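Trainee: As input, take model17.txt (compact mmCIF, C-alpha atoms):
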# COMPACT_ATOMS: atom_id res chain seq x y z
CA MET A 1 92.24 107.62 102.87
CA PHE A 2 90.89 105.19 100.29
CA CYS A 3 88.75 107.82 98.53
CA PHE A 4 91.61 110.31 98.56
CA CYS A 5 94.02 107.77 97.03
CA VAL A 6 91.47 107.01 94.30
CA PHE A 7 91.23 110.73 93.56
CA LEU A 8 95.03 110.96 93.38
CA GLN A 9 95.08 108.04 90.96
CA LEU A 10 92.49 109.67 88.70
CA ALA A 11 94.43 112.95 88.67
CA ALA A 12 97.68 111.13 87.84
CA LEU A 13 96.02 109.03 85.11
CA GLU A 14 94.46 112.13 83.51
CA ARG A 15 97.85 113.79 83.36
CA GLN A 16 99.50 110.61 82.13
CA ILE A 17 97.12 110.38 79.17
CA PHE A 18 97.87 113.89 77.91
CA ASP A 19 101.61 113.47 78.48
CA PHE A 20 101.49 110.29 76.37
CA LEU A 21 99.68 112.18 73.62
CA GLY A 22 102.44 114.80 73.67
CA PHE A 23 105.30 112.26 73.94
CA GLN A 24 106.56 113.95 77.12
CA TRP A 25 108.73 111.11 78.38
CA ALA A 26 110.06 112.74 81.55
CA PRO A 27 106.57 113.54 82.92
CA ILE A 28 105.39 110.08 81.80
CA LEU A 29 108.06 108.46 83.99
CA GLY A 30 107.17 110.70 86.93
CA ASN A 31 103.45 109.99 86.57
CA PHE A 32 104.12 106.26 86.43
CA LEU A 33 106.09 106.37 89.69
CA GLN A 34 103.36 108.48 91.27
CA ILE A 35 100.72 105.88 90.37
CA ILE A 36 102.84 103.04 91.79
CA VAL A 37 103.60 104.83 95.06
CA VAL A 38 99.97 105.86 95.59
CA ILE A 39 98.98 102.19 95.20
CA LEU A 40 101.69 101.29 97.72
CA GLY A 41 100.39 103.89 100.18
CA LEU A 42 96.84 102.63 99.74
CA PHE A 43 98.00 99.05 100.38
CA GLY A 44 99.85 100.19 103.49
CA THR A 45 96.72 101.91 104.80
CA ILE A 46 94.49 98.88 104.24
CA GLN A 47 97.01 96.35 105.57
CA PHE A 48 98.22 98.52 108.49
CA ARG A 49 101.80 98.80 107.18
CA PRO A 50 103.23 102.15 108.39
CA ARG A 51 106.47 101.63 106.46
CA TYR A 52 104.66 101.74 103.15
CA ILE A 53 102.98 104.97 104.15
CA VAL A 54 106.38 106.39 105.12
CA VAL A 55 107.59 105.56 101.61
CA TYR A 56 104.59 107.48 100.26
CA THR A 57 105.43 110.54 102.38
CA VAL A 58 109.05 110.55 101.18
CA TRP A 59 107.95 110.22 97.56
CA THR A 60 105.42 113.03 98.06
CA ALA A 61 108.25 115.42 98.91
CA LEU A 62 110.07 114.40 95.71
CA TRP A 63 106.83 114.68 93.70
CA VAL A 64 106.24 118.23 94.95
CA THR A 65 109.82 119.15 94.00
CA TRP A 66 109.33 117.72 90.51
CA ASN A 67 106.14 119.67 89.94
CA VAL A 68 107.78 122.87 91.14
CA PHE A 69 110.48 122.24 88.55
CA ILE A 70 107.84 121.78 85.82
CA ILE A 71 106.26 125.10 86.80
CA CYS A 72 109.65 126.81 86.59
CA PHE A 73 110.31 125.10 83.25
CA TYR A 74 107.14 126.32 81.54
CA LEU A 75 107.36 129.79 83.08
CA GLU A 76 111.03 129.93 82.04
CA VAL A 77 112.34 130.70 85.50
CA GLY A 78 116.05 130.54 86.22
CA GLY A 79 117.24 130.31 82.64
CA LEU A 80 114.97 127.41 81.72
CA SER A 81 113.21 127.44 78.35
CA LYS A 82 110.00 125.66 77.41
CA GLU A 83 111.26 125.41 73.82
CA THR A 84 113.97 122.90 74.73
CA ASP A 85 113.62 119.12 74.41
CA LEU A 86 114.18 118.50 78.11
CA MET A 87 110.78 116.89 78.69
CA THR A 88 111.38 114.40 75.88
CA PHE A 89 114.95 113.53 77.00
CA ASN A 90 116.14 115.12 73.72
CA ILE A 91 114.70 112.14 71.86
CA SER A 92 112.20 114.13 69.79
CA MET A 93 111.04 117.69 69.18
CA HIS A 94 107.52 117.13 70.49
CA ARG A 95 106.01 119.68 72.82
CA SER A 96 103.08 119.63 75.20
CA TRP A 97 99.86 118.22 73.73
CA TRP A 98 98.07 121.33 74.94
CA ARG A 99 100.17 123.48 72.61
CA GLU A 100 98.02 122.53 69.62
CA HIS A 101 94.88 121.23 71.33
CA GLY A 102 94.19 123.73 74.06
CA PRO A 103 90.77 125.31 74.66
CA GLY A 104 89.77 127.35 71.60
CA CYS A 105 92.93 126.53 69.63
CA ILE A 106 92.61 126.36 65.84
CA ARG A 107 95.25 124.13 64.29
CA ARG A 108 96.25 124.60 60.67
CA VAL A 109 98.84 122.66 58.71
CA VAL A 110 100.64 125.05 56.39
CA ARG A 111 102.76 123.87 53.48
CA PRO A 112 105.38 126.46 52.49
CA SER A 113 105.71 127.34 48.85
CA SER A 114 109.28 128.63 49.07
CA PRO A 115 111.71 127.07 46.60
CA GLY A 116 114.24 124.60 47.92
CA ILE A 117 111.94 123.17 50.59
CA LEU A 118 110.75 119.58 50.33
CA GLU A 119 107.16 119.14 49.23
CA ASP A 120 106.28 116.90 52.17
CA TYR A 121 107.60 119.47 54.65
CA SER A 122 104.95 121.35 56.63
CA TYR A 123 104.55 123.26 59.83
CA VAL A 124 101.62 123.83 62.16
CA SER A 125 100.01 127.16 62.84
CA VAL A 126 97.98 127.46 66.06
CA THR A 127 95.76 130.47 66.69
CA GLY A 128 92.80 131.48 68.83
CA CYS A 129 93.82 129.72 72.05
CA ILE A 130 91.90 130.92 75.08
CA ILE A 131 94.80 130.05 77.38
CA ASP A 132 98.39 129.31 76.41
CA PHE A 133 99.63 125.75 76.81
CA GLN A 134 102.31 126.64 79.36
CA TYR A 135 99.69 127.96 81.76
CA LEU A 136 97.67 124.77 81.40
CA GLU A 137 100.77 122.78 82.33
CA VAL A 138 101.37 125.08 85.29
CA ILE A 139 97.76 124.58 86.45
CA HIS A 140 98.17 120.80 86.25
CA SER A 141 101.37 120.94 88.30
CA ALA A 142 99.84 123.31 90.85
CA ILE A 143 96.91 120.92 91.34
CA GLN A 144 99.34 118.03 91.86
CA ILE A 145 101.25 120.07 94.45
CA LEU A 146 98.05 120.92 96.33
CA LEU A 147 96.88 117.30 96.33
CA SER A 148 100.33 116.10 97.41
CA LEU A 149 100.45 118.48 100.36
CA VAL A 150 97.03 117.31 101.52
CA GLY A 151 98.12 113.69 101.05
CA PHE A 152 101.34 114.31 103.01
CA VAL A 153 99.44 115.72 105.99
CA TYR A 154 96.88 112.92 105.86
CA ALA A 155 99.61 110.25 105.62
CA CYS A 156 101.38 111.68 108.68
CA TYR A 157 98.06 111.57 110.54
CA VAL A 158 97.50 107.91 109.58
CA ILE A 159 101.05 107.01 110.66
CA SER A 160 100.50 108.65 114.06
CA ILE A 161 97.27 106.68 114.52
CA PHE A 162 99.02 103.40 113.67
CA MET A 163 101.83 104.19 116.12
CA GLU A 164 99.37 104.96 118.90
CA GLU A 165 97.54 101.70 118.26
CA GLU A 166 100.81 99.75 118.35
CA ASP A 167 101.82 101.42 121.64
CA SER A 168 98.39 100.72 123.13
CA TYR A 169 98.53 97.09 122.02
CA ALA A 170 102.02 96.65 123.49
CA TYR A 171 100.89 98.24 126.76
CA HIS A 172 97.87 95.96 127.13
CA GLU A 173 99.96 92.94 126.20
CA LEU A 174 102.45 93.84 128.93
CA LYS A 175 99.64 94.18 131.46
CA GLU A 176 98.33 90.73 130.53
CA ARG A 177 101.79 89.23 130.94
CA LEU A 178 102.17 90.86 134.35
CA TRP A 179 98.77 89.57 135.42
CA CYS A 180 99.78 86.05 134.39
CA GLY A 181 103.11 86.55 136.15
CA GLN A 182 101.40 87.53 139.38
CA LYS A 183 99.21 84.44 139.24
CA CYS A 184 102.27 82.26 138.67
CA HIS A 185 104.08 83.99 141.52
CA GLN A 186 101.19 83.29 143.86
CA ALA A 187 101.18 79.66 142.80
CA TYR A 188 104.96 79.32 142.83
CA PRO A 189 106.59 81.81 145.25
CA GLY A 190 110.03 82.92 144.13
CA GLY A 191 109.24 82.14 140.51
CA PHE A 192 111.61 82.90 137.73
CA LEU A 193 109.43 85.26 135.60
CA SER A 194 110.25 88.64 137.09
CA SER A 195 113.93 87.86 137.69
CA ALA A 196 114.38 86.64 134.10
CA VAL A 197 112.77 89.76 132.70
CA ALA A 198 114.93 92.00 134.89
CA GLN A 199 118.11 90.24 133.79
CA ASP A 200 117.08 90.31 130.14
CA ASN A 201 116.02 93.97 129.93
CA PRO A 202 116.32 96.43 132.85
CA THR A 203 114.25 99.05 131.01
CA ARG A 204 111.41 96.60 130.51
CA HIS A 205 111.65 95.65 134.22
CA PHE A 206 111.27 99.33 135.12
CA MET A 207 108.15 99.56 132.90
CA GLU A 208 106.74 96.46 134.56
CA LYS A 209 107.19 98.05 137.98
CA ASN A 210 105.19 101.08 136.85
CA VAL A 211 102.41 98.88 135.56
CA LYS A 212 102.41 96.88 138.79
CA LEU A 213 101.78 100.07 140.74
CA GLN A 214 98.62 100.55 138.71
CA PHE A 215 97.35 97.17 139.83
CA LEU A 216 97.75 98.11 143.50
Rewrite the coordinates I just gave you, this time as structure tokens.
Mentor:
Amino acid sequence: MFCFCVFLQLAALERQIFDFLGFQWAPILGNFLQIIVVILGLFGTIQFRPRYIVVYTVWTALWVTWNVFIICFYLEVGGLSKETDLMTFNISMHRSWWREHGPGCIRRVVRPSSPGILEDYSYVSVTGCIIDFQYLEVIHSAIQILLSLVGFVYACYVISIFMEEEDSYAYHELKERLWCGQKCHQAYPGGFLSSAVAQDNPTRHFMEKNVKLQFL
């Protein structure tokens, strides 16, 4: 689990860097939450805190949903358009960093010579890209979905192990208490231990009877 969480952190940090370079504020926020929750899940695994791992599993479902939305956004599914400012919260007109810096892309700054346009105005021409930027973003999101699904299954497995260990510990603790209770009953016939337990919790008294049968 530790190695897998480290790998998740590296994947999230790699994506965070390129989203910062492209000023993609919505993905930056999502990546930040992903990093925090992965650390929380790692802490829960090391410290045997199942609740923290449950938080990680819930967040994983939300993280998968977010990445599916990003895929739909860049593939323009369902009326979405990658040319909108949704990923920057409409704060700026920046686009994905991969749009101008993808594999094989040649970036040229062109200054128009048309009259009436400010001299400091320019636009960027990008040619020769081996793969379009939207597909690079889709690949990143697909990798995150795959890693999240693996992490979800692994987290459920770790939670089940922790629950089994807790049940086993509680069972052995109950057996030790019954053993002590039998010793006390032999020393003090008509002792108060079993009657107090039965009055306090009938279900627990029933469990104690079953364990007593195993001692016979």
Trainee: Could you name the residues that touch Leu42 (chain A) at 9 Å or less, counting only C-alpha atoms, but leaving out those on the same chain fewer than 4 positions away, as number ranges by chain?
Mentor: A: 1-2, 5-6, 37-38, 46-47, 52-53
Trainee: Between CA of Val124 (chain A) and CA of Arg99 (chain A), what is the distance, to one decimal in Å?
Mentor: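 Going from CA of Val124 (chain A) over to CA of Arg99 (chain A) covers 10.6 Å.
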Trainee: Quick one, how far is CA of Gly151 (chain A) from CA of Leu10 (chain A)?
Mentor: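 Taking CA of Gly151 (chain A) as the start and CA of Leu10 (chain A) as the end point, the length is 14.2 Å.
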Trainee: Hey, what's within 10 Å of region 72-85 of chain A if we count all atoms listed in the file and toss same-chain stuff fewer than 3 positions away? As a PDB file with C-alpha atoms, in the coordinates of the input, please?
Mentor:
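To be explicit, this is the file written out as out34.pdb:
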ATOM      1  CA  GLN A  24     106.560 113.950  77.120  1.00  0.00           C
ATOM      2  CA  TRP A  66     109.330 117.720  90.510  1.00  0.00           C
ATOM      3  CA  ASN A  67     106.140 119.670  89.940  1.00  0.00           C
ATOM      4  CA  VAL A  68     107.780 122.870  91.140  1.00  0.00           C
ATOM      5  CA  PHE A  69     110.480 122.240  88.550  1.00  0.00           C
ATOM      6  CA  THR A  88     111.380 114.400  75.880  1.00  0.00           C
ATOM      7  CA  PHE A  89     114.950 113.530  77.000  1.00  0.00           C
ATOM      8  CA  ASN A  90     116.140 115.120  73.720  1.00  0.00           C
ATOM      9  CA  ILE A  91     114.700 112.140  71.860  1.00  0.00           C
ATOM     10  CA  SER A  92     112.200 114.130  69.790  1.00  0.00           C
ATOM     11  CA  MET A  93     111.040 117.690  69.180  1.00  0.00           C
ATOM     12  CA  HIS A  94     107.520 117.130  70.490  1.00  0.00           C
ATOM     13  CA  ARG A  95     106.010 119.680  72.820  1.00  0.00           C
ATOM     14  CA  SER A  96     103.080 119.630  75.200  1.00  0.00           C
ATOM     15  CA  PHE A 133      99.630 125.750  76.810  1.00  0.00           C
ATOM     16  CA  GLN A 134     102.310 126.640  79.360  1.00  0.00           C
ATOM     17  CA  TYR A 135      99.690 127.960  81.760  1.00  0.00           C
ATOM     18  CA  LEU A 136      97.670 124.770  81.400  1.00  0.00           C
ATOM     19  CA  GLU A 137     100.770 122.780  82.330  1.00  0.00           C
ATOM     20  CA  VAL A 138     101.370 125.080  85.290  1.00  0.00           C
TER      21      VAL A 138
END
Trainee: In Å, rounded to a single decimal, give me how far CA of Cys156 (chain A) is from CA of Leu8 (chain A).
Mentor: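 Interatomic distance, CA of Leu8 (chain A) to CA of Cys156 (chain A): 16.6 Å.
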Trainee: Nearest to Gln9 (chain A): which of A:Ala155, A:Ile145, A:Ile39, A:Ile139 is it, counting all atoms listed in the file?
Mentor: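 Of A:Ala155, A:Ile145, A:Ile39, A:Ile139, the one nearest Gln9 (chain A), counting all atoms listed in the file, is A:Ile39.
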Trainee: Using all atoms listed in the file, which of the listed residues (A:Leu149, A:Met87, A:Val158, A:Ile130) sits closest to Leu62 (chain A)?
Mentor: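 Checking each of A:Leu149, A:Met87, A:Val158, A:Ile130 against Leu62 (chain A), counting all atoms listed in the file, the winner is A:Leu149.
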